[in-house]
Amino acid sequence: MNVAELRLSLSHLLVTELGKYPNNHPSIWVYGGSSQPPGRSDGLECLIREHPEVAARASSGGQRYKPQKWEILLRNWSKSSKLSIAIAKVENRFPVQRYTYLPATENTLEQARIFIYDPIMVNL
Amino acid sequence: MVKKNWVKLDIPEKQVGVHTWSAEHAAIAHEGAMSTTGKEIPARPWAGNALDEYDFAARYAEAFKETGSFRDAFVAMSEGYGELAQENISDRIWDWPRATVRKNGEVVTQPRDIVDTGTLRDSYSHEVLEGSQ
């Protein structure tokens with residue numbers, strides 16, 4: 001899975017949960033490069049880190065096992081309950097390694113950081 | 001008839017290492033947050049990163065060789081993870097988008113540690129639970 005495939009998959013999966021940016025596009029964004037999201041979302045925002053975290057380990061048979069994982073951050077800019085629905089959907093669709101959830105406070109938004117396990121084998 | 005003398009290994013049914021940082025700001029410091037006004041607090045996942053960095057199996061095996069006890073090896077392994085996580089708090093490895101004047105008067109940019117007054121680091125505790133649940 002590459003970042004484009006992950007973005008496409010999440011945008012389909014969360015089509016009814018995602019809010020919109022001021023340009024009226026669904027608020028899903030790949031971050032880590034120089035470009036910033038086109039404004040604040042009006043609801044649920046999904047941020048995908050551009051590159052997976054990779055920890056390469058040697059394996060046998062001329063192959064290398066790369067236990068990479070994708071990090072996505074769900075932020076809720078509204079008071080809706082869509083974040084919990086989105087977490088459940090992501091858990092059902094992807095092998096979630098772990099996730100952390102922070103409820104909204106007086107000063108901060110509700111959010112969940114989710115790590116999706118995506119190991120690959122590469123030939124040496 | 002062959003008589004075998006089995007060695008009964010003392011293997012705990014279940015052990016759980018619980019690592020806690022009880023400082024009030026620990027969750028937001030670890031996970032990051034977005035303020036309702038749009039100001040971002042970057043995540044500094046000292047404990048999460050340590051999970052990825054720490055070789056639990058290697059440390060467990062090493063500790064078992066040292067102690068000869070599965071129980072003690074688990075405790076040593078769990079303690080080692082906690083030490084690494086605490087080092088991550090003290091190391092200047094964390095990105096931060098702006099200069100800040102800390103409560104202790106220090107002006108910090110990046111990369112920075114997560115030590116201001118030391119409240120977070122000092123709030124750490126570790127225990128190993130044992131049981132069948």
# chains A, B, ... in the order shown; residues from 1 in each chain; ligands from 1

$ residues_around --residues "segment 93-96 of chain A" --least-positions-apart "2" --cutoff "12 Å" --atoms "only C-alpha atoms" --output "list in words"
Met1, Leu6, Ser9, Leu10, His12, Leu13, Leu14, Gln68, Lys69, Trp70, Glu71, Ile72, Ala86, Ile87, Ala88, Lys89, Val90, Glu91, Arg98, Tyr99, Thr100, Arg113, Ile114, Phe115, Ile116, Tyr117, Asp118 and Pro119 of chain A

$ write_last_selection --atoms "N, CA and C atoms" --output "mmCIF file, in the first residue's frame"
data_model
loop_
_atom_site.group_PDB
_atom_site.id
_atom_site.type_symbol
_atom_site.label_atom_id
_atom_site.label_comp_id
_atom_site.auth_asym_id
_atom_site.auth_seq_id
_atom_site.Cartn_x
_atom_site.Cartn_y
_atom_site.Cartn_z
ATOM 1 N N MET A 1 0.860 -1.202 0.000
ATOM 2 C CA MET A 1 0.000 0.000 0.000
ATOM 3 C C MET A 1 0.893 1.248 0.000
ATOM 4 N N LEU A 6 -3.755 4.542 0.247
ATOM 5 C CA LEU A 6 -4.324 4.703 1.584
ATOM 6 C C LEU A 6 -5.289 5.889 1.628
ATOM 7 N N SER A 9 -8.477 4.967 -0.186
ATOM 8 C CA SER A 9 -9.256 4.014 0.600
ATOM 9 C C SER A 9 -9.959 4.714 1.770
ATOM 10 N N LEU A 10 -9.240 5.584 2.456
ATOM 11 C CA LEU A 10 -9.834 6.300 3.598
ATOM 12 C C LEU A 10 -10.907 7.282 3.136
ATOM 13 N N HIS A 12 -12.895 6.968 0.659
ATOM 14 C CA HIS A 12 -14.117 6.204 0.375
ATOM 15 C C HIS A 12 -14.753 5.694 1.662
ATOM 16 N N LEU A 13 -13.895 5.178 2.537
ATOM 17 C CA LEU A 13 -14.386 4.585 3.790
ATOM 18 C C LEU A 13 -15.114 5.615 4.657
ATOM 19 N N LEU A 14 -14.570 6.842 4.693
ATOM 20 C CA LEU A 14 -15.093 7.861 5.613
ATOM 21 C C LEU A 14 -15.909 8.929 4.889
ATOM 22 N N GLN A 68 6.465 -1.839 8.444
ATOM 23 C CA GLN A 68 6.095 -0.423 8.389
ATOM 24 C C GLN A 68 4.657 -0.198 8.874
ATOM 25 N N LYS A 69 4.396 1.020 9.238
ATOM 26 C CA LYS A 69 3.043 1.369 9.679
ATOM 27 C C LYS A 69 2.733 2.798 9.260
ATOM 28 N N TRP A 70 1.459 3.013 8.992
ATOM 29 C CA TRP A 70 0.983 4.338 8.599
ATOM 30 C C TRP A 70 0.349 5.024 9.797
ATOM 31 N N GLU A 71 0.601 6.318 9.887
ATOM 32 C CA GLU A 71 0.007 7.084 10.993
ATOM 33 C C GLU A 71 -1.068 7.994 10.422
ATOM 34 N N ILE A 72 -2.255 7.881 10.965
ATOM 35 C CA ILE A 72 -3.293 8.822 10.556
ATOM 36 C C ILE A 72 -3.855 9.505 11.803
ATOM 37 N N ALA A 86 -15.829 6.897 12.882
ATOM 38 C CA ALA A 86 -14.680 6.770 11.977
ATOM 39 C C ALA A 86 -13.643 5.799 12.541
ATOM 40 N N ILE A 87 -13.390 5.871 13.840
ATOM 41 C CA ILE A 87 -12.424 4.945 14.454
ATOM 42 C C ILE A 87 -12.879 3.503 14.244
ATOM 43 N N ALA A 88 -14.178 3.256 14.485
ATOM 44 C CA ALA A 88 -14.711 1.894 14.326
ATOM 45 C C ALA A 88 -14.568 1.428 12.880
ATOM 46 N N LYS A 89 -14.824 2.309 11.942
ATOM 47 C CA LYS A 89 -14.705 1.931 10.532
ATOM 48 C C LYS A 89 -13.262 1.598 10.162
ATOM 49 N N VAL A 90 -12.341 2.426 10.638
ATOM 50 C CA VAL A 90 -10.926 2.185 10.321
ATOM 51 C C VAL A 90 -10.469 0.869 10.953
ATOM 52 N N GLU A 91 -10.916 0.614 12.175
ATOM 53 C CA GLU A 91 -10.532 -0.642 12.851
ATOM 54 C C GLU A 91 -11.046 -1.866 12.104
ATOM 55 N N ARG A 98 -2.278 0.131 16.931
ATOM 56 C CA ARG A 98 -2.729 0.755 18.169
ATOM 57 C C ARG A 98 -3.315 2.111 17.843
ATOM 58 N N TYR A 99 -4.146 2.610 18.735
ATOM 59 C CA TYR A 99 -4.593 3.980 18.562
ATOM 60 C C TYR A 99 -4.763 4.641 19.908
ATOM 61 N N THR A 100 -4.649 5.945 19.897
ATOM 62 C CA THR A 100 -4.854 6.710 21.113
ATOM 63 C C THR A 100 -5.960 7.715 20.858
ATOM 64 N N ARG A 113 -5.257 9.275 17.177
ATOM 65 C CA ARG A 113 -4.077 8.964 16.366
ATOM 66 C C ARG A 113 -4.053 7.451 16.178
ATOM 67 N N ILE A 114 -4.046 7.020 14.934
ATOM 68 C CA ILE A 114 -4.181 5.597 14.631
ATOM 69 C C ILE A 114 -2.973 5.120 13.829
ATOM 70 N N PHE A 115 -2.443 3.976 14.220
ATOM 71 C CA PHE A 115 -1.325 3.382 13.480
ATOM 72 C C PHE A 115 -1.824 2.118 12.777
ATOM 73 N N ILE A 116 -1.681 2.123 11.467
ATOM 74 C CA ILE A 116 -2.128 0.998 10.653
ATOM 75 C C ILE A 116 -0.910 0.160 10.255
ATOM 76 N N TYR A 117 -0.980 -1.101 10.575
ATOM 77 C CA TYR A 117 0.126 -2.013 10.324
ATOM 78 C C TYR A 117 0.122 -2.417 8.859
ATOM 79 N N ASP A 118 1.273 -2.299 8.214
ATOM 80 C CA ASP A 118 1.353 -2.608 6.781
ATOM 81 C C ASP A 118 2.716 -3.199 6.453
ATOM 82 N N PRO A 119 3.025 -4.378 6.991
ATOM 83 C CA PRO A 119 4.365 -4.957 6.769
ATOM 84 C C PRO A 119 4.561 -5.382 5.320
#

$ select_by_dssp --residues "chain A" --states "alpha helix (DSSP H)" --output "PyMOL selection string"
chain A and resi 3-13+82-93

$ atom_distance --atom1 "atom CA of Ala4 of chain A" --atom2 "atom CA of Val30 of chain A"
8.8 Å

$ residues_around --residues "segment 33-47 of chain B" --least-positions-apart "3" --cutoff "7 Å" --atoms "only C-alpha atoms" --output "short mmCIF file (atom, residue, chain, number, x, y, z; two decimals) with C-alpha atoms, in the first residue's frame"
data_model
loop_
_atom_site.label_atom_id
_atom_site.label_comp_id
_atom_site.auth_asym_id
_atom_site.auth_seq_id
_atom_site.Cartn_x
_atom_site.Cartn_y
_atom_site.Cartn_z
CA ASN A 107 -9.25 24.33 24.79
CA THR A 108 -8.45 21.41 22.49
CA LEU A 109 -10.20 19.37 19.81
CA ILE B 28 -1.47 16.21 25.27
CA ALA B 29 2.34 16.29 25.29
CA HIS B 30 2.46 12.71 24.02
CA ALA B 50 10.18 3.66 22.83
CA LEU B 51 7.79 0.82 21.99
CA ALA B 85 11.03 6.12 27.49
CA ASN B 88 13.31 10.02 25.27
CA ILE B 89 11.84 12.73 27.51
CA TRP B 94 11.66 16.72 19.41
CA TRP B 96 8.70 22.26 17.74
#

$ residues_around --residues "Ser123 of chain B" --least-positions-apart "5" --cutoff "9 Å" --atoms "only C-alpha atoms" --output "JSON, numbers by chain"
{"B": [20, 21, 22, 23, 118]}

$ atom_distance --atom1 "atom CA of Glu17 of chain A" --atom2 "atom CA of Trp29 of chain A"
14.5 Å

$ closest_residue --among "A:Leu74, A:Val122, A:Ala112, A:Leu44" --to "Gly19 of chain A" --atoms "only C-alpha atoms"
A:Leu44
